[in-house]
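Enquirer: Before I ask anything, let me first share the structure, which is written out below as structure tokens.
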Amino acid sequence: MSVAEMVAGRRAEAQRTKADNRALTRLTIGPSPWVRAGVLALLVVMAAIWLLPVVWGAVTSFKHEAEAALPASWWPSMGWTLDAYRSVLDNSELLRWMGNSLVVAVLVTALTVLISAMAAFAFSQSVFKGRGLLQALTVASIMMPGQILIVPLFKEMQSLGLVDTFAGIVLPQIVAPVMVFILKRFFDAIPSELIDAARIDGAGPWRLFWTIVLPLSRSILVAVAIFVFIGAWNNFLWPFIVTTDPKFMTLPVGLSTVKNAYSVQYAQNMASAIIAALPLLVLFMIFQRRIVQSVATTGMGGQ
């Protein structure tokens with residue numbers, strides 16, 4: 001196949017994709033252009049309402065502290081300044097907290113994806129005594145609020161000597177019944193012919209898991225990893241409970257300690273929040289398409 005034929009084939013595929021997207025849009029919100037325009041206008045308004053507090057916080061972070069405390073002060077009349085960012089970086093351990101959050105989020109993501117995938121594979125592709133009961137308990141645990149486990153988990157970490165350690169922060173977060181359920185549903189859709197053919201060739205459970213199931217599940221694994229990473233990065237309650245040493249504080253916990261003894265420092269608080277959001281913003285910019293596909297694939301947009 002020549003280069004011209006390859007380019008023509010890609011162009012034809014792109015045109016077919018655009019046509020499919022237009023057909024899906026008409027099917028979803030109707031064929032009328034007025035309806036589509038109204039829906040688009042509504043989406044723009046909703047996006048502006050969501051973006052307004054973010055813009056206000058970003059603008060406030062560049063104000064002088066005296067002006068940031070004034071009510072109804074939108075634009076910095078005293079000029080733009082980086083004093084809030086300098087003060088936050090000089091007077092707090094923000095970079096340490098950010099590094100701690102990165103370590104915790106990466107460990108939680110890797111362990112959660114691995115353990116959830118193994119459990120989902122066992123439920124989906126294995127038959128053993130008590131499987132139905134374990135599946136029912138896994139689904140039932142999704143409805144259990146995590147807050148009611150705070151005291152038992154803290155007592156457990158205390159008895160194991162894991163308070164004020166990364167292990168104490170990470171271990172209770174790697175149990176994710178929702179992810180097990182999502183991965184199981186995906187594994188159930190893998191053609192049984194592939195699994196049967198591999199078993200005929202002598203593949204055992206581990207080989208099936210590592211060489212057949214996981215390579216076919218890259219999209220859902222990436223989706224689960226993205227959601228777990230964002231949740232672990234933003235988690236405040238459990239790291240706040242299990243850590244008292246600033247050396248082990250994650251970013252959300254550390255930011256809660258950034259305050260002045262005399263008054264609330266609005267500009268510094270907003271600067272801290274902007275710095276904390278930057279890594280997730282970079283993550284979203286890099287994996288934007290994958291994140292959108294993940295929401296559509298897993299149906300987790302409401303979480």
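Here's how to read the names in the structure tokens: chain A, B, ... by the order shown, residue numbers from 1 in each chain, ligand numbers from 1 in the order shown.
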Can you pull out every residue within 8 Å of stretch 82-84 of chain A, counting only C-alpha atoms, but drop anything in the same chain fewer than 6 positions away, and send it as JSON, numbers by chain?

Expert: {"A": [61, 62, 63, 64, 65, 267, 268, 271]}

Enquirer: May I have a table of the residues of stretch 195-260 of chain A lying at most 10 Å from stretch 134-150 of chain A, giving each one's closest pair of atoms and their distance in Å to one decimal, counting only C-alpha atoms, ordered by chain and ascending residue number, as a Markdown table?

Expert:
| residue | atom | partner | partner_atom | distance |
| --- | --- | --- | --- | --- |
| A:Leu237 | CA | A:Gln147 | CA | 8.6 |
| A:Trp238 | CA | A:Ile150 | CA | 7.4 |
| A:Ile241 | CA | A:Ile150 | CA | 8.1 |
| A:Val242 | CA | A:Ile150 | CA | 9.5 |

Enquirer: Excluding A:Pro172 and residues on its chain fewer than 4 positions from it, collect all residues at most 12 Å away from it, counting only C-alpha atoms, and give them as a list in words.

Expert: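 So, after excluding close chain neighbours, the residues are Val104, Leu107, Val108, Leu111, Thr112, Gly146, Leu149, Ile150, Val151, Pro152, Leu153, Phe154, Lys155, Glu156, Met157, Leu162, Val163, Phe166, Ala167, Gly168, Ala176, Ala232, Asn235, Leu237, Trp238, Pro239, Ile241 and Val242 of chain A.
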
Enquirer: Give me, as number ranges by chain, all polymer residues having an atom no more than 10 Å from stretch 244-259 of chain A, counting only C-alpha atoms and skipping those fewer than 6 positions away in the same chain.

Expert: A: 88, 91-105, 163-166, 169, 232-238, 265-266, 268-269, 272-273, 275-276

Enquirer: Quick one: write out the picked residues with N, CA, C and O atoms as a short mmCIF file (atom, residue, chain, number, x, y, z; two decimals), in the first residue's frame?

Expert:
data_model
loop_
_atom_site.label_atom_id
_atom_site.label_comp_id
_atom_site.auth_asym_id
_atom_site.auth_seq_id
_atom_site.Cartn_x
_atom_site.Cartn_y
_atom_site.Cartn_z
N VAL A 88 3.53 31.21 50.62
CA VAL A 88 3.15 29.80 50.79
C VAL A 88 4.36 28.90 50.62
O VAL A 88 4.58 27.96 51.40
N ASN A 91 6.90 29.62 53.71
CA ASN A 91 6.48 29.41 55.09
C ASN A 91 5.77 28.08 55.33
O ASN A 91 5.20 27.87 56.40
N SER A 92 5.76 27.20 54.36
CA SER A 92 5.12 25.90 54.54
C SER A 92 5.96 24.83 53.85
O SER A 92 6.90 25.14 53.11
N GLU A 93 5.61 23.59 54.11
CA GLU A 93 6.30 22.46 53.49
C GLU A 93 5.49 21.95 52.31
O GLU A 93 5.26 20.74 52.17
N LEU A 94 5.08 22.87 51.45
CA LEU A 94 4.18 22.53 50.36
C LEU A 94 4.80 21.51 49.40
O LEU A 94 4.14 20.56 48.98
N LEU A 95 6.07 21.69 49.06
CA LEU A 95 6.71 20.76 48.13
C LEU A 95 6.84 19.37 48.75
O LEU A 95 6.67 18.36 48.05
N ARG A 96 7.11 19.29 50.05
CA ARG A 96 7.16 17.99 50.72
C ARG A 96 5.79 17.33 50.69
O ARG A 96 5.68 16.13 50.42
N TRP A 97 4.74 18.11 51.00
CA TRP A 97 3.39 17.55 50.99
C TRP A 97 3.00 17.08 49.59
O TRP A 97 2.35 16.05 49.43
N MET A 98 3.41 17.84 48.58
CA MET A 98 3.10 17.44 47.21
C MET A 98 3.82 16.15 46.86
O MET A 98 3.25 15.26 46.21
N GLY A 99 5.08 16.02 47.28
CA GLY A 99 5.80 14.77 47.05
C GLY A 99 5.17 13.60 47.79
O GLY A 99 5.06 12.49 47.24
N ASN A 100 4.72 13.83 49.03
CA ASN A 100 4.03 12.77 49.77
C ASN A 100 2.75 12.35 49.06
O ASN A 100 2.45 11.15 48.98
N SER A 101 1.99 13.32 48.57
CA SER A 101 0.75 12.99 47.86
C SER A 101 1.04 12.19 46.60
O SER A 101 0.31 11.25 46.26
N LEU A 102 2.12 12.54 45.90
CA LEU A 102 2.48 11.80 44.70
C LEU A 102 2.85 10.36 45.02
O LEU A 102 2.39 9.43 44.35
N VAL A 103 3.64 10.17 46.07
CA VAL A 103 4.03 8.81 46.47
C VAL A 103 2.80 8.01 46.87
O VAL A 103 2.60 6.86 46.43
N VAL A 104 1.94 8.60 47.70
CA VAL A 104 0.74 7.89 48.16
C VAL A 104 -0.19 7.57 47.00
O VAL A 104 -0.70 6.45 46.87
N ALA A 105 -0.41 8.54 46.11
CA ALA A 105 -1.34 8.33 45.00
C ALA A 105 -0.83 7.26 44.05
O ALA A 105 -1.60 6.41 43.57
N VAL A 163 0.72 4.04 62.35
CA VAL A 163 0.31 5.44 62.41
C VAL A 163 1.52 6.32 62.08
O VAL A 163 2.64 6.04 62.49
N ASP A 164 1.28 7.38 61.33
CA ASP A 164 2.35 8.27 60.87
C ASP A 164 3.37 7.52 60.01
O ASP A 164 4.59 7.68 60.16
N THR A 165 2.86 6.68 59.11
CA THR A 165 3.70 6.02 58.12
C THR A 165 2.96 6.02 56.78
O THR A 165 1.74 6.14 56.74
N PHE A 166 3.73 5.89 55.70
CA PHE A 166 3.09 5.81 54.39
C PHE A 166 2.26 4.54 54.25
O PHE A 166 1.23 4.54 53.58
N ILE A 169 -1.13 5.11 55.59
CA ILE A 169 -1.97 5.93 54.71
C ILE A 169 -2.45 5.13 53.51
O ILE A 169 -3.61 5.23 53.10
N ALA A 232 -7.18 9.26 45.28
CA ALA A 232 -6.12 9.18 46.28
C ALA A 232 -5.43 10.53 46.45
O ALA A 232 -5.06 10.91 47.57
N TRP A 233 -5.27 11.28 45.37
CA TRP A 233 -4.64 12.60 45.46
C TRP A 233 -5.49 13.56 46.29
O TRP A 233 -4.96 14.35 47.08
N ASN A 234 -6.80 13.51 46.11
CA ASN A 234 -7.69 14.44 46.79
C ASN A 234 -8.18 13.96 48.15
O ASN A 234 -8.88 14.71 48.84
N ASN A 235 -7.84 12.74 48.53
CA ASN A 235 -8.34 12.18 49.79
C ASN A 235 -7.83 12.99 50.98
O ASN A 235 -6.62 13.20 51.13
N PHE A 236 -8.75 13.41 51.82
CA PHE A 236 -8.38 14.22 52.99
C PHE A 236 -8.64 13.49 54.30
O PHE A 236 -7.80 13.52 55.21
N LEU A 237 -9.78 12.84 54.43
CA LEU A 237 -10.22 12.35 55.72
C LEU A 237 -9.26 11.33 56.32
O LEU A 237 -8.79 11.49 57.46
N TRP A 238 -8.95 10.24 55.58
CA TRP A 238 -8.12 9.21 56.17
C TRP A 238 -6.69 9.68 56.43
O TRP A 238 -6.15 9.43 57.52
N GLN A 265 -5.95 34.10 55.70
CA GLN A 265 -5.14 34.64 54.61
C GLN A 265 -5.74 34.15 53.29
O GLN A 265 -5.40 33.08 52.80
N TYR A 266 -6.67 34.95 52.73
CA TYR A 266 -7.41 34.50 51.55
C TYR A 266 -6.50 34.30 50.35
O TYR A 266 -6.62 33.30 49.63
N GLN A 268 -3.30 33.64 50.27
CA GLN A 268 -2.44 32.48 50.47
C GLN A 268 -3.23 31.18 50.34
O GLN A 268 -2.73 30.18 49.80
N ASN A 269 -4.45 31.17 50.86
CA ASN A 269 -5.27 29.97 50.73
C ASN A 269 -5.57 29.65 49.27
O ASN A 269 -5.52 28.49 48.84
N SER A 272 -2.42 28.36 47.60
CA SER A 272 -2.20 26.96 47.96
C SER A 272 -3.11 26.05 47.16
O SER A 272 -2.68 24.98 46.68
N ALA A 273 -4.36 26.43 47.01
CA ALA A 273 -5.30 25.60 46.26
C ALA A 273 -4.91 25.50 44.79
O ALA A 273 -5.01 24.43 44.18
N ILE A 275 -1.85 25.79 43.53
CA ILE A 275 -0.66 24.93 43.43
C ILE A 275 -1.05 23.46 43.58
O ILE A 275 -0.54 22.58 42.88
N ALA A 276 -1.98 23.18 44.49
CA ALA A 276 -2.41 21.80 44.70
C ALA A 276 -3.14 21.24 43.49
O ALA A 276 -3.08 20.03 43.22
#

Enquirer: Quick one, how far is atom CA of A:Leu194 from atom CA of A:Trp210?

Expert: 13.6 Å

Enquirer: What are the DSSP alpha helix (DSSP H) residues of stretch 9-180 of chain A, as a PyMOL selection string?

Expert: chain A and resi 9-29+33-61+65-68+83-91+94-125+131-142+150-159+166-170+177-180
